[in-house]
Amino acid sequence: RHDKKYIVEVDQEVRLEDVQRLRDGVVISTPVQRDRVRRIITARTLPCRADKVGPRTLEIVLQEGRNRQIRRMLDHVGYEVTALHRVEVMGLSLHGLRRGEWMPCSTREMDVIQRCLDAGADEGEGVESDED
């Protein structure tokens with residue numbers, strides 16, 4: 001798994017004790033489907049990095065990526081997500097880019113992407129999907 005960094009805005013001021021609960025991991029339920037069988041998995045999330053960066057804004061770094069995980073984590077501690085943006089994955093950042101803008105990858109960024117693709121091919125992995 002690769003680190004994924006998000007900037008999250010919520011509907012009310014964030015309390016520091018809730019940030020700590022997120023860091024420690026919370027129990028959420030996630031629907032999964034395999035071989036056309038749908039079921040609910042309830043489990044504690046892995047510890048994550050969570051920092052309050054504004055009154056209603058958090059920066060969260062996950063190592064796992066369950067479907068709608070951040071929304072479910074914040075719902076568990078009493079918040080509704082009003083905006084959610086993935087700003088970095090595998091150390092590749094969107095910093096400095098506006099919506100709709102793009103720029104070519106640097107040699108270092110291409111090396112990171114190639115290593116990830118090679119590792120996935122070696123392990124027979126498919127492409128990971130995040131709906132957050």
# chains A, B, ... in the order shown; residues from 1 in each chain; ligands from 1
call {"tool": "residues_around", "arguments": {"residues": "A:Leu74", "least_positions_apart": "5", "cutoff": "10 Å", "atoms": "only C-alpha atoms", "output": "PyMOL selection string"}}
result
chain A and resi 8+10+18-19+21-22+26+28+69+79-81
call {"tool": "write_last_selection", "arguments": {"atoms": "all heavy atoms", "output": "mmCIF file, in the first residue's frame"}}
result
data_model
loop_
_atom_site.group_PDB
_atom_site.id
_atom_site.type_symbol
_atom_site.label_atom_id
_atom_site.label_comp_id
_atom_site.auth_asym_id
_atom_site.auth_seq_id
_atom_site.Cartn_x
_atom_site.Cartn_y
_atom_site.Cartn_z
ATOM 1 N N VAL A 8 -9.288 17.577 4.052
ATOM 2 C CA VAL A 8 -10.700 17.311 4.314
ATOM 3 C C VAL A 8 -11.316 18.495 5.054
ATOM 4 O O VAL A 8 -10.773 18.944 6.064
ATOM 5 C CB VAL A 8 -10.863 16.042 5.179
ATOM 6 C CG1 VAL A 8 -12.333 15.674 5.303
ATOM 7 C CG2 VAL A 8 -10.051 14.884 4.625
ATOM 8 N N VAL A 10 -14.820 19.752 7.018
ATOM 9 C CA VAL A 10 -15.986 19.176 7.681
ATOM 10 C C VAL A 10 -16.975 20.263 8.078
ATOM 11 O O VAL A 10 -16.679 21.457 8.000
ATOM 12 C CB VAL A 10 -15.569 18.337 8.909
ATOM 13 C CG1 VAL A 10 -14.768 17.109 8.472
ATOM 14 C CG2 VAL A 10 -14.788 19.164 9.916
ATOM 15 N N ASP A 18 -10.968 14.421 18.903
ATOM 16 C CA ASP A 18 -11.433 13.646 17.746
ATOM 17 C C ASP A 18 -10.284 13.373 16.773
ATOM 18 O O ASP A 18 -10.228 12.309 16.151
ATOM 19 C CB ASP A 18 -12.574 14.370 17.037
ATOM 20 C CG ASP A 18 -13.829 14.422 17.904
ATOM 21 O OD1 ASP A 18 -14.028 13.501 18.728
ATOM 22 O OD2 ASP A 18 -14.592 15.387 17.759
ATOM 23 N N VAL A 19 -9.368 14.327 16.630
ATOM 24 C CA VAL A 19 -8.182 14.108 15.796
ATOM 25 C C VAL A 19 -7.395 12.908 16.342
ATOM 26 O O VAL A 19 -6.969 12.038 15.577
ATOM 27 C CB VAL A 19 -7.292 15.373 15.734
ATOM 28 C CG1 VAL A 19 -6.005 15.090 14.970
ATOM 29 C CG2 VAL A 19 -8.052 16.525 15.087
ATOM 30 N N ARG A 21 -8.564 10.403 18.100
ATOM 31 C CA ARG A 21 -9.331 9.180 17.823
ATOM 32 C C ARG A 21 -9.093 8.704 16.391
ATOM 33 O O ARG A 21 -8.943 7.503 16.143
ATOM 34 C CB ARG A 21 -10.819 9.415 18.066
ATOM 35 C CG ARG A 21 -11.158 9.587 19.543
ATOM 36 C CD ARG A 21 -12.598 9.982 19.757
ATOM 37 N NE ARG A 21 -13.515 8.926 19.328
ATOM 38 C CZ ARG A 21 -14.810 9.121 19.130
ATOM 39 N NH1 ARG A 21 -15.349 10.319 19.293
ATOM 40 N NH2 ARG A 21 -15.575 8.114 18.757
ATOM 41 N N LEU A 22 -9.062 9.656 15.443
ATOM 42 C CA LEU A 22 -8.791 9.294 14.052
ATOM 43 C C LEU A 22 -7.391 8.700 13.921
ATOM 44 O O LEU A 22 -7.198 7.701 13.213
ATOM 45 C CB LEU A 22 -8.933 10.509 13.141
ATOM 46 C CG LEU A 22 -10.343 11.089 12.999
ATOM 47 C CD1 LEU A 22 -10.301 12.422 12.291
ATOM 48 C CD2 LEU A 22 -11.255 10.113 12.295
ATOM 49 N N VAL A 26 -10.436 3.987 14.044
ATOM 50 C CA VAL A 26 -11.819 3.856 14.495
ATOM 51 C C VAL A 26 -12.445 2.657 13.779
ATOM 52 O O VAL A 26 -11.965 2.211 12.742
ATOM 53 C CB VAL A 26 -12.641 5.142 14.218
ATOM 54 C CG1 VAL A 26 -12.101 6.315 15.025
ATOM 55 C CG2 VAL A 26 -12.673 5.472 12.741
ATOM 56 N N ILE A 28 -15.119 1.046 11.509
ATOM 57 C CA ILE A 28 -16.085 1.416 10.466
ATOM 58 C C ILE A 28 -16.553 0.151 9.754
ATOM 59 O O ILE A 28 -15.888 -0.887 9.799
ATOM 60 C CB ILE A 28 -15.501 2.406 9.436
ATOM 61 C CG1 ILE A 28 -14.312 1.804 8.689
ATOM 62 C CG2 ILE A 28 -15.134 3.728 10.110
ATOM 63 C CD1 ILE A 28 -13.813 2.656 7.527
ATOM 64 N N GLN A 69 -13.571 5.538 2.937
ATOM 65 C CA GLN A 69 -13.028 5.379 4.287
ATOM 66 C C GLN A 69 -13.001 6.680 5.086
ATOM 67 O O GLN A 69 -13.414 6.709 6.250
ATOM 68 C CB GLN A 69 -11.618 4.786 4.229
ATOM 69 C CG GLN A 69 -10.976 4.647 5.594
ATOM 70 C CD GLN A 69 -9.645 3.933 5.552
ATOM 71 O OE1 GLN A 69 -9.343 3.230 4.603
ATOM 72 N NE2 GLN A 69 -8.858 4.116 6.590
ATOM 73 N N TYR A 79 -18.695 13.966 12.421
ATOM 74 C CA TYR A 79 -18.552 15.047 11.441
ATOM 75 C C TYR A 79 -19.091 14.602 10.092
ATOM 76 O O TYR A 79 -19.039 13.432 9.736
ATOM 77 C CB TYR A 79 -17.081 15.437 11.261
ATOM 78 C CG TYR A 79 -16.437 15.935 12.537
ATOM 79 C CD1 TYR A 79 -15.799 15.054 13.388
ATOM 80 C CD2 TYR A 79 -16.473 17.282 12.866
ATOM 81 C CE1 TYR A 79 -15.209 15.492 14.565
ATOM 82 C CE2 TYR A 79 -15.880 17.734 14.035
ATOM 83 C CZ TYR A 79 -15.259 16.836 14.883
ATOM 84 O OH TYR A 79 -14.682 17.270 16.040
ATOM 85 N N GLU A 80 -19.544 15.598 9.311
ATOM 86 C CA GLU A 80 -19.919 15.346 7.927
ATOM 87 C C GLU A 80 -18.862 15.997 7.037
ATOM 88 O O GLU A 80 -18.506 17.158 7.240
ATOM 89 C CB GLU A 80 -21.287 15.947 7.617
ATOM 90 C CG GLU A 80 -21.728 15.702 6.194
ATOM 91 C CD GLU A 80 -23.093 16.322 5.901
ATOM 92 O OE1 GLU A 80 -23.874 16.511 6.836
ATOM 93 O OE2 GLU A 80 -23.324 16.632 4.714
ATOM 94 N N VAL A 81 -18.372 15.252 6.071
ATOM 95 C CA VAL A 81 -17.378 15.788 5.141
ATOM 96 C C VAL A 81 -18.078 16.701 4.148
ATOM 97 O O VAL A 81 -19.047 16.300 3.501
ATOM 98 C CB VAL A 81 -16.635 14.636 4.412
ATOM 99 C CG1 VAL A 81 -15.728 15.181 3.321
ATOM 100 C CG2 VAL A 81 -15.846 13.797 5.403
#
call {"tool": "residues_around", "arguments": {"residues": "A:Ser29", "least_positions_apart": "4", "cutoff": "7 Å", "atoms": "only C-alpha atoms", "output": "list of chain:residue names"}}
result
A:Ile40, A:Ile41, A:Thr42, A:Ala43
call {"tool": "residues_around", "arguments": {"residues": "A:Thr30", "least_positions_apart": "3", "cutoff": "12 Å", "atoms": "only C-alpha atoms", "output": "list in words"}}
result
Val27, Gln33, Arg38, Arg39, Ile40, Ile41, Thr42, Ala43, Arg44, Thr45, Gly65, Arg66, Asn67, Arg68, Gln69, Ile70, Arg71, Arg72 and Met73 of chain A
call {"tool": "select_by_dssp", "arguments": {"residues": "chain A", "states": "alpha helix (DSSP H)", "output": "PyMOL selection string"}}
result
chain A and resi 16-24+69-76+107-123
call {"tool": "write_last_selection", "arguments": {"atoms": "C-alpha atoms", "output": "mmCIF file, in the first residue's frame"}}
result
data_model
loop_
_atom_site.group_PDB
_atom_site.id
_atom_site.type_symbol
_atom_site.label_atom_id
_atom_site.label_comp_id
_atom_site.auth_asym_id
_atom_site.auth_seq_id
_atom_site.Cartn_x
_atom_site.Cartn_y
_atom_site.Cartn_z
ATOM 1 C CA LEU A 16 -8.402 17.816 19.122
ATOM 2 C CA GLU A 17 -9.697 14.730 20.967
ATOM 3 C CA ASP A 18 -11.433 13.646 17.746
ATOM 4 C CA VAL A 19 -8.182 14.108 15.796
ATOM 5 C CA GLN A 20 -6.519 11.718 18.256
ATOM 6 C CA ARG A 21 -9.331 9.180 17.823
ATOM 7 C CA LEU A 22 -8.791 9.294 14.052
ATOM 8 C CA ARG A 23 -5.025 8.813 14.535
ATOM 9 C CA ASP A 24 -5.601 5.764 16.715
ATOM 10 C CA GLN A 69 -13.028 5.379 4.287
ATOM 11 C CA ILE A 70 -12.413 9.005 5.242
ATOM 12 C CA ARG A 71 -16.114 9.849 5.071
ATOM 13 C CA ARG A 72 -16.937 6.841 7.259
ATOM 14 C CA MET A 73 -14.138 7.619 9.748
ATOM 15 C CA LEU A 74 -15.300 11.195 10.179
ATOM 16 C CA ASP A 75 -18.940 10.149 10.418
ATOM 17 C CA HIS A 76 -17.908 7.787 13.240
ATOM 18 C CA THR A 107 12.227 11.936 -14.000
ATOM 19 C CA ARG A 108 11.938 11.148 -10.273
ATOM 20 C CA GLU A 109 8.145 10.998 -10.492
ATOM 21 C CA MET A 110 8.302 8.721 -13.521
ATOM 22 C CA ASP A 111 10.715 6.442 -11.633
ATOM 23 C CA VAL A 112 8.224 6.201 -8.728
ATOM 24 C CA ILE A 113 5.394 5.372 -11.119
ATOM 25 C CA GLN A 114 7.470 2.786 -12.993
ATOM 26 C CA ARG A 115 8.551 1.059 -9.740
ATOM 27 C CA CYS A 116 4.923 0.860 -8.668
ATOM 28 C CA LEU A 117 3.852 -0.593 -12.013
ATOM 29 C CA ASP A 118 6.711 -3.101 -11.950
ATOM 30 C CA ALA A 119 5.858 -4.191 -8.393
ATOM 31 C CA GLY A 120 2.195 -4.625 -9.319
ATOM 32 C CA ALA A 121 3.075 -6.690 -12.382
ATOM 33 C CA ASP A 122 5.402 -8.879 -10.304
ATOM 34 C CA GLU A 123 2.645 -9.544 -7.757
#
call {"tool": "residues_around", "arguments": {"residues": "A:Leu46", "least_positions_apart": "6", "cutoff": "8 Å", "atoms": "only C-alpha atoms", "output": "JSON, numbers by chain"}}
result
{"A": [24, 25, 63, 64]}
